[in-house]
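Q: Okay, so here is start-v7.txt, and as you'll see once you scroll down, it has compact mmCIF, C-alpha atoms.
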# COMPACT_ATOMS: atom_id res chain seq x y z
CA MET A 62 26.95 17.26 5.70
CA ASN A 63 23.74 17.00 7.74
CA ALA A 64 23.78 13.55 9.35
CA THR A 65 20.15 12.90 8.45
CA TRP A 66 21.17 12.46 4.79
CA ILE A 67 24.21 10.19 5.02
CA ALA A 68 22.80 6.75 5.81
CA PRO A 69 19.88 6.93 3.31
CA ALA A 70 22.21 8.00 0.49
CA LEU A 71 24.59 5.09 1.14
CA ALA A 72 21.69 2.66 1.47
CA PHE A 73 20.27 3.87 -1.86
CA ARG A 74 23.51 3.15 -3.70
CA ARG A 75 23.95 -0.27 -2.08
CA PHE A 76 20.34 -1.19 -2.77
CA PHE A 77 20.62 -0.46 -6.49
CA ALA A 78 23.98 -2.15 -6.83
CA ALA A 79 22.48 -5.35 -5.44
CA LEU A 80 19.30 -4.93 -7.47
CA LEU A 81 21.12 -4.52 -10.78
CA THR A 82 23.13 -7.68 -10.15
CA LEU A 83 20.05 -9.72 -9.28
CA SER A 84 17.98 -8.30 -12.12
CA ALA A 85 20.55 -9.14 -14.76
CA ALA A 86 20.40 -12.80 -13.77
CA ALA A 87 16.64 -12.92 -13.27
CA CYS A 88 15.82 -11.27 -16.58
CA LEU A 89 17.69 -13.89 -18.56
CA ALA A 90 14.82 -16.19 -17.72
CA SER A 91 11.84 -13.95 -17.07
CA CYS A 92 12.15 -10.46 -18.58
CA GLY A 93 10.82 -10.55 -22.09
CA PRO A 94 8.81 -8.05 -24.12
CA PRO A 95 5.18 -7.33 -23.21
CA SER A 96 2.73 -9.87 -24.56
CA GLY A 97 0.43 -8.88 -27.38
CA GLY A 98 1.18 -7.12 -30.62
CA SER A 99 0.35 -10.13 -32.82
CA PRO A 100 -1.65 -10.05 -34.96
CA ALA A 101 -0.65 -6.56 -36.08
CA ASN A 102 -3.87 -4.88 -34.85
CA ALA A 103 -3.80 -6.44 -31.35
CA ARG A 104 -3.19 -4.20 -28.38
CA ILE A 105 0.24 -4.26 -26.79
CA LYS A 106 0.11 -5.34 -23.16
CA LEU A 107 1.95 -2.88 -20.95
CA GLU A 108 2.62 -3.04 -17.22
CA ALA A 109 2.87 0.47 -15.81
CA CYS A 110 3.10 2.03 -12.37
CA ILE A 111 2.59 5.25 -10.49
CA SER A 112 4.83 6.08 -7.53
CA SER A 113 2.16 7.92 -5.51
CA ALA A 114 -1.56 8.51 -5.81
CA THR A 115 -1.46 12.30 -5.99
CA ALA A 116 -3.19 14.87 -8.16
CA ALA A 117 -0.19 14.80 -10.48
CA GLN A 118 -1.19 11.24 -11.45
CA LEU A 119 -4.74 12.16 -12.48
CA PRO A 120 -4.02 11.97 -16.25
CA ILE A 121 -3.07 8.29 -15.91
CA GLU A 122 -6.27 7.50 -14.00
CA TYR A 123 -8.29 9.53 -16.52
CA ALA A 124 -6.66 7.81 -19.51
CA MET A 125 -7.58 4.43 -18.02
CA LYS A 126 -11.15 5.46 -17.23
CA LYS A 127 -11.77 6.96 -20.66
CA GLY A 128 -10.18 4.13 -22.65
CA LEU A 129 -7.42 6.32 -24.07
CA PHE A 130 -4.73 3.67 -23.70
CA ALA A 131 -6.87 1.22 -25.64
CA LYS A 132 -7.55 3.92 -28.25
CA HIS A 133 -3.79 4.17 -28.84
CA GLY A 134 -3.21 0.43 -29.14
CA LEU A 135 -2.35 -0.53 -25.57
CA ASP A 136 -3.68 -2.88 -22.91
CA VAL A 137 -2.36 -1.16 -19.79
CA THR A 138 -2.34 -2.34 -16.20
CA ILE A 139 -1.50 0.32 -13.60
CA THR A 140 0.12 -0.69 -10.31
CA PRO A 141 0.58 1.82 -7.46
CA ILE A 142 4.05 1.67 -5.89
CA ASP A 143 4.60 3.62 -2.71
CA SER A 144 7.94 5.31 -3.44
CA GLY A 145 10.10 6.50 -6.30
CA SER A 146 12.98 4.19 -5.40
CA ARG A 147 10.71 1.12 -5.44
CA ALA A 148 9.22 2.25 -8.73
CA VAL A 149 12.72 2.51 -10.19
CA ALA A 150 13.44 -0.98 -8.84
CA ALA A 151 10.34 -2.30 -10.62
CA LEU A 152 11.53 -0.79 -13.91
CA VAL A 153 15.01 -2.23 -13.47
CA SER A 154 13.66 -5.69 -12.68
CA GLY A 155 11.32 -5.63 -15.68
CA SER A 156 8.15 -6.15 -13.64
CA VAL A 157 6.85 -2.89 -15.14
CA GLN A 158 7.84 -1.27 -18.41
CA VAL A 159 6.70 2.33 -17.85
CA CYS A 160 6.19 4.38 -14.72
CA GLN A 161 5.15 7.87 -13.65
CA ILE A 162 7.84 8.88 -11.18
CA ALA A 163 9.10 12.03 -9.54
CA SER A 164 12.48 12.44 -11.20
CA PRO A 165 14.93 12.54 -8.25
CA ALA A 166 14.59 8.76 -7.86
CA VAL A 167 15.42 8.39 -11.55
CA VAL A 168 18.60 10.47 -11.20
CA ASN A 169 19.72 8.39 -8.22
CA GLY A 170 18.87 5.18 -10.05
CA VAL A 171 20.86 6.11 -13.15
CA ALA A 172 23.81 7.08 -10.96
CA ALA A 173 23.63 3.57 -9.48
CA GLY A 174 23.70 1.99 -12.95
CA ALA A 175 20.04 1.75 -13.95
CA ASP A 176 19.27 2.07 -17.69
CA LEU A 177 16.51 4.68 -17.35
CA SER A 178 15.18 7.43 -19.58
CA ILE A 179 12.62 10.19 -18.97
CA VAL A 180 10.53 10.13 -22.15
CA GLY A 181 7.72 12.45 -21.08
CA GLY A 182 7.68 15.59 -18.97
CA LEU A 183 4.25 15.82 -17.36
CA ILE A 184 5.28 18.56 -14.90
CA ASN A 185 8.47 20.51 -15.60
CA SER A 186 8.60 22.86 -12.61
CA SER A 187 8.05 22.63 -8.88
CA VAL A 188 4.53 22.42 -7.49
CA TYR A 189 5.44 22.68 -3.79
CA SER A 190 4.83 25.31 -1.15
CA LEU A 191 6.79 25.42 2.10
CA MET A 192 4.02 25.31 4.68
CA VAL A 193 5.00 26.47 8.17
CA ALA A 194 3.53 27.05 11.62
CA GLU A 195 1.90 30.36 12.45
CA ASP A 196 4.89 31.70 14.42
CA ILE A 197 7.34 31.17 11.52
CA ARG A 198 7.24 34.50 9.69
CA SER A 199 10.68 34.75 8.12
CA ALA A 200 13.66 32.66 7.09
CA ALA A 201 15.38 33.65 10.33
CA ASP A 202 12.57 31.99 12.30
CA LEU A 203 13.50 28.63 10.71
CA LYS A 204 17.07 28.65 12.02
CA GLY A 205 17.70 25.89 14.53
CA LYS A 206 14.34 24.30 13.78
CA ALA A 207 13.35 21.03 12.06
CA VAL A 208 11.38 20.52 8.84
CA ALA A 209 9.94 17.32 7.40
CA VAL A 210 10.42 15.55 4.05
CA SER A 211 9.45 12.05 2.94
CA THR A 212 12.83 10.35 2.45
CA ALA A 213 16.35 11.45 1.55
CA GLY A 214 16.73 11.87 -2.20
CA SER A 215 12.96 12.20 -2.77
CA ALA A 216 11.21 15.00 -4.64
CA SER A 217 10.17 16.60 -1.35
CA ALA A 218 13.73 16.38 -0.01
CA ILE A 219 15.32 17.96 -3.08
CA SER A 220 12.61 20.63 -3.20
CA MET A 221 13.11 21.37 0.49
CA ARG A 222 16.79 22.05 -0.11
CA MET A 223 15.86 24.32 -3.02
CA ALA A 224 13.34 26.18 -0.85
CA LEU A 225 15.81 26.69 1.97
CA LYS A 226 18.45 27.90 -0.48
CA ALA A 227 15.95 30.38 -1.96
CA LEU A 228 15.36 31.68 1.58
CA GLY A 229 19.09 32.16 2.08
CA LEU A 230 19.46 29.26 4.51
CA ASP A 231 22.08 26.51 4.59
CA SER A 232 20.15 23.24 4.59
CA ASP A 233 23.11 21.36 6.09
CA HIS A 234 23.61 23.68 9.06
CA ASP A 235 20.79 26.17 9.62
CA VAL A 236 17.89 23.71 9.57
CA THR A 237 17.47 20.03 10.44
CA ILE A 238 15.80 18.04 7.68
CA LEU A 239 13.97 14.97 9.00
CA SER A 240 12.84 12.03 6.85
CA VAL A 241 9.35 11.42 8.20
CA GLY A 242 7.32 9.67 5.48
CA GLY A 243 4.38 10.49 3.26
CA GLN A 244 2.19 13.57 3.31
CA ALA A 245 0.00 12.25 6.15
CA GLU A 246 3.02 11.47 8.33
CA ARG A 247 4.58 14.87 7.61
CA MET A 248 1.37 16.66 8.53
CA ALA A 249 1.12 14.64 11.76
CA ALA A 250 4.68 15.68 12.64
CA LEU A 251 3.81 19.32 11.90
CA GLU A 252 0.64 19.26 13.97
CA ALA A 253 2.42 17.51 16.86
CA GLY A 254 5.11 20.20 16.87
CA TYR A 255 8.00 17.86 16.04
CA VAL A 256 8.72 20.02 12.99
CA VAL A 257 7.79 23.60 12.11
CA GLY A 258 7.40 23.11 8.37
CA THR A 259 6.97 20.74 5.47
CA LEU A 260 6.34 20.87 1.74
CA ALA A 261 2.91 20.34 0.24
CA ASP A 262 1.45 20.52 -3.24
CA PRO A 263 -2.18 21.05 -4.22
CA PRO A 264 -4.60 20.06 -2.84
CA GLU A 265 -2.62 19.36 0.36
CA SER A 266 -1.17 22.88 0.40
CA VAL A 267 -4.70 24.31 0.42
CA LEU A 268 -5.95 21.87 3.07
CA THR A 269 -2.90 22.65 5.19
CA ARG A 270 -3.58 26.37 4.89
CA GLU A 271 -7.16 25.78 6.03
CA ARG A 272 -5.76 24.17 9.19
CA GLY A 273 -4.01 27.38 10.18
CA TYR A 274 -0.59 27.04 8.53
CA HIS A 275 0.76 29.37 5.87
CA ALA A 276 3.14 29.33 2.93
CA LEU A 277 6.50 30.86 3.72
CA LEU A 278 7.59 30.22 0.12
CA ASP A 279 5.67 29.08 -2.95
CA LEU A 280 8.07 27.29 -5.29
CA SER A 281 5.35 26.90 -7.91
CA THR A 282 5.52 30.63 -8.67
CA MET A 283 9.30 30.67 -9.13
CA ASN A 284 10.76 30.46 -12.62
CA VAL A 285 13.10 27.56 -11.87
CA ALA A 286 13.54 24.62 -14.24
CA TYR A 287 12.80 21.43 -12.33
CA GLN A 288 11.85 18.01 -13.69
CA HIS A 289 9.07 16.99 -11.33
CA ALA A 290 6.73 14.28 -12.60
CA GLY A 291 7.72 12.35 -15.71
CA THR A 292 7.07 9.27 -17.78
CA VAL A 293 10.02 6.93 -17.28
CA THR A 294 11.08 3.71 -18.93
CA THR A 295 14.34 2.01 -19.85
CA LYS A 296 16.41 2.90 -22.87
CA ALA A 297 16.28 -0.74 -23.91
CA PHE A 298 12.47 -0.68 -23.89
CA VAL A 299 12.36 2.48 -26.01
CA ALA A 300 14.67 0.80 -28.53
CA SER A 301 12.68 -2.45 -28.70
CA HIS A 302 9.10 -1.19 -28.21
CA ARG A 303 9.06 2.40 -29.39
CA SER A 304 5.47 2.16 -30.68
CA ALA A 305 4.28 1.19 -27.18
CA VAL A 306 6.06 4.18 -25.65
CA LEU A 307 4.60 6.49 -28.30
CA GLY A 308 1.11 5.10 -27.61
CA TYR A 309 1.51 5.60 -23.87
CA VAL A 310 2.62 9.22 -24.23
CA LYS A 311 -0.21 9.82 -26.70
CA ALA A 312 -2.78 8.59 -24.19
CA ILE A 313 -1.38 10.68 -21.34
CA SER A 314 -1.19 13.77 -23.55
CA GLU A 315 -4.77 13.34 -24.72
CA ALA A 316 -5.88 12.96 -21.11
CA VAL A 317 -4.13 16.22 -20.19
CA PHE A 318 -5.74 17.99 -23.15
CA GLN A 319 -9.23 16.81 -22.18
CA LEU A 320 -8.76 17.70 -18.50
CA LYS A 321 -7.60 21.21 -19.42
CA LYS A 322 -10.47 21.68 -21.85
CA ASN A 323 -13.25 20.50 -19.53
CA ARG A 324 -12.92 22.21 -16.14
CA GLU A 325 -16.10 20.84 -14.55
CA GLU A 326 -15.32 17.29 -15.61
CA ALA A 327 -11.75 17.69 -14.35
CA LEU A 328 -12.99 18.94 -10.96
CA ALA A 329 -15.32 15.94 -10.70
CA GLU A 330 -12.48 13.57 -11.60
CA LEU A 331 -10.18 15.21 -9.05
CA SER A 332 -12.87 14.92 -6.37
CA SER A 333 -13.37 11.23 -7.10
CA TYR A 334 -9.68 10.33 -7.47
CA LEU A 335 -8.51 12.21 -4.36
CA GLN A 336 -11.66 11.39 -2.35
CA LEU A 337 -12.37 15.04 -1.58
CA ASP A 338 -15.86 16.36 -0.94
CA PRO A 339 -16.87 18.44 -3.99
CA VAL A 340 -18.73 20.96 -1.79
CA LYS A 341 -16.80 21.15 1.48
CA GLN A 342 -13.42 21.01 -0.24
CA ALA A 343 -14.35 22.95 -3.35
CA ALA A 344 -11.60 25.54 -2.76
CA ALA A 345 -8.90 22.89 -2.60
CA LEU A 346 -10.19 21.25 -5.77
CA ALA A 347 -10.40 24.58 -7.63
CA GLU A 348 -6.86 25.59 -6.69
CA THR A 349 -5.56 22.15 -7.66
CA TYR A 350 -7.16 22.54 -11.08
CA ASP A 351 -5.89 26.09 -11.59
CA VAL A 352 -2.32 25.47 -10.41
CA LEU A 353 -1.66 21.88 -11.36
CA ILE A 354 -3.84 20.97 -14.32
CA LYS A 355 -4.27 24.30 -16.07
CA ARG A 356 -0.85 25.83 -15.40
CA LYS A 357 1.60 23.02 -14.65
CA PHE A 358 0.62 20.08 -16.87
CA SER A 359 2.59 20.23 -20.13
CA ASP A 360 0.65 20.64 -23.39
CA ILE A 361 3.53 18.97 -25.23
CA PRO A 362 5.34 16.69 -22.77
CA TYR A 363 8.98 17.33 -23.53
CA PRO A 364 11.18 16.47 -20.56
CA THR A 365 13.31 19.45 -19.59
CA VAL A 366 17.07 19.00 -19.83
CA ALA A 367 17.53 22.13 -17.70
CA GLY A 368 15.17 20.66 -15.11
CA VAL A 369 17.13 17.41 -14.95
CA GLN A 370 20.34 19.44 -14.58
CA THR A 371 18.80 21.21 -11.58
CA LEU A 372 18.24 17.81 -9.99
CA ILE A 373 21.77 16.67 -10.77
CA ASP A 374 23.17 19.83 -9.18
CA GLU A 375 21.06 19.43 -6.04
CA ILE A 376 21.41 15.67 -5.56
CA SER A 377 25.17 15.60 -6.12
CA ALA A 378 25.62 17.30 -2.75
CA GLN A 379 24.41 14.09 -1.08
CA ASN A 380 25.26 11.51 -3.73
CA PRO A 381 28.67 12.14 -5.37
CA ASP A 382 27.97 9.50 -8.05
CA VAL A 383 25.43 11.88 -9.58
CA LYS A 384 28.07 14.44 -10.53
CA ARG A 385 29.20 12.40 -13.55
CA LEU A 386 25.72 12.31 -15.12
CA LYS A 387 24.75 14.39 -18.15
CA ALA A 388 21.21 15.71 -18.14
CA ALA A 389 20.82 15.16 -21.90
CA ASP A 390 21.46 11.44 -21.39
CA LEU A 391 18.50 11.15 -18.99
CA ALA A 392 15.95 13.27 -20.87
CA ASP A 393 14.84 11.64 -24.14
CA LEU A 394 13.20 14.39 -26.20
CA SER A 395 12.72 12.18 -29.25
CA ILE A 396 9.30 10.75 -28.26
CA ALA A 397 7.59 14.14 -27.83
CA ARG A 398 9.44 15.46 -30.89
CA GLU A 399 8.22 12.58 -33.07
CA LEU A 400 4.63 13.13 -31.94
CA GLU A 401 4.86 16.87 -32.49
CA GLU A 402 6.36 16.47 -35.96
CA SER A 403 3.64 13.96 -36.86
CA GLY A 404 0.99 16.60 -36.10
CA PHE A 405 -0.48 14.67 -33.15
CA PHE A 406 -0.67 17.66 -30.78
CA ARG A 407 -1.97 19.95 -33.53
CA ARG A 408 -4.77 17.46 -34.22
CA LEU A 409 -5.64 17.35 -30.52
CA ALA A 410 -5.94 21.13 -30.44
CA GLU A 411 -8.12 21.05 -33.57
CA GLY A 412 -10.34 18.35 -32.08
CA LYS A 413 -9.48 15.79 -34.74
Do you think you could lay out the structure here as structure tokens?
A:
Amino acid sequence: MNATWIAPALAFRRFFAALLTLSAAACLASCGPPSGGSPANARIKLEACISSATAAQLPIEYAMKKGLFAKHGLDVTITPIDSGSRAVAALVSGSVQVCQIASPAVVNGVAAGADLSIVGGLINSSVYSLMVAEDIRSAADLKGKAVAVSTAGSASAISMRMALKALGLDSDHDVTILSVGGQAERMAALEAGYVVGTLADPPESVLTRERGYHALLDLSTMNVAYQHAGTVTTKAFVASHRSAVLGYVKAISEAVFQLKKNREEALAELSSYLQLDPVKQAAALAETYDVLIKRKFSDIPYPTVAGVQTLIDEISAQNPDVKRLKAADLADLSIARELEESGFFRRLAEGK
């Protein structure tokens, strides 16, 4: 096994083992249901989080801005958390009840004993491109070189292994995978020549291309099931506050519908949220809309069992505890199914 993966994987398991022990004791005193809900027409207070402020999180920002959470009976507070593992920790501790997380952290968390469930599949396939330096023209050119990901077990790390496999490379021997940090840190490593490639999703993939790099492989065009961004909560919370979970998924789904329907508004929202110049960076914004919002955001947010299985298969190479997991136990299809059977998505499409 590539040595760059070993210590982070062990640390992840130890971290969650300690966290689960502490949380069980702490929640006896402090972890109760969200406030609100009485009288019957009062909004339910919900603490939620996002694990990174990327374009994939735009529907949450839009739902807040447009009052869609309030429309569906919720008083939501959104807290940014800077990594998937910390977001999972917040769910386990009860400090948040719902979070938008890239799913690899969820798989690792469940393997460590966390009671988590993916109740909404916002993006059910990869959105990454493997961006490389100008002199990297083939898979053979990557051999013996280093590429950058955020952290071991992250969405970028799992997707990097998938990309290297698709190129016919052994990620444990042919290429060195370095845990560098967020997108800005990975780009700095690429520009400094410490690595020859990294993964980027729109708009970063477009901005990276404009700086002279190119895509050796575009995972977003490959027909591979992959649970990328999802709405995650605990199974206990679904059981005790199902109406709150339904309301949250309703608001996110309505946000996605409105963003898909109104291109110019969506471009303006993307520009504001990502702090991109609407004129100078118009190409990056347009590609982000076309690839991410129009093509990748789910109309009906079923999580994908096949996509979770892909993650289990990939992560188990670094974390043996993952092998025992069943994808169907992590992906809760019942929330999206209940909304679909109630006619909610049909009414959205009809403008009712």
Q: How many Å separate CA of Gly214 (chain A) from CA of Thr282 (chain A)?
A: 22.8 Å
Q: Check which residues of region 281-375 of chain A sit at most 12 Å from region 270-274 of chain A using only C-alpha atoms, and return one row each with the closest pair of atoms and their distance in Å to one decimal, ordered by chain and rising number, as a Markdown table.
A:
| residue | atom | partner | partner_atom | distance |
| --- | --- | --- | --- | --- |
| A:Lys341 | CA | A:Glu271 | CA | 11.6 |
| A:Gln342 | CA | A:Glu271 | CA | 10.1 |
| A:Ala344 | CA | A:Glu271 | CA | 9.9 |
| A:Ala345 | CA | A:Glu271 | CA | 9.3 |
Q: Under the rule that all atoms listed in the file are counted, which of A:Ser190, A:Ser403, A:Ser304, A:Gln370 is the nearest residue to Leu391 (chain A)?
A: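 Under the stated criterion, the closest residue is A:Gln370.
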Q: Can you pull out the residues contacting Ala216 (chain A)? Cut-off 9 Å, using all atoms listed in the file, and skip same-chain residues under 5 positions away; I want them as a PyMOL selection string.
A: chain A and resi 145+163-166+210-211+221+289
Q: Quick one: of A:Ile179, A:Tyr123, A:Ala218, A:Tyr334, who's nearest to Gln319 (chain A), counting all atoms listed in the file?
A: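 Under the stated criterion, the closest residue is A:Tyr123.
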Q: Considering all atoms listed in the file, can you say which of A:Leu277, A:Leu353, A:Ala329, A:Gly291 comes closest to Asp393 (chain A)?
A: A:Gly291
Q: Could you pull the residues within 12 Å of Leu278 (chain A), counting only C-alpha atoms, minus those fewer than 3 positions along the same chain, as number ranges by chain?
A: A: 187-193, 197-200, 220-221, 223-229, 258-262, 266, 275, 281-283
Q: So, with all atoms listed in the file as the atoms that count, which of A:Ile396, A:Val369, A:Ala103, A:Leu268 lies closest to Lys311 (chain A)?
A: A:Ile396
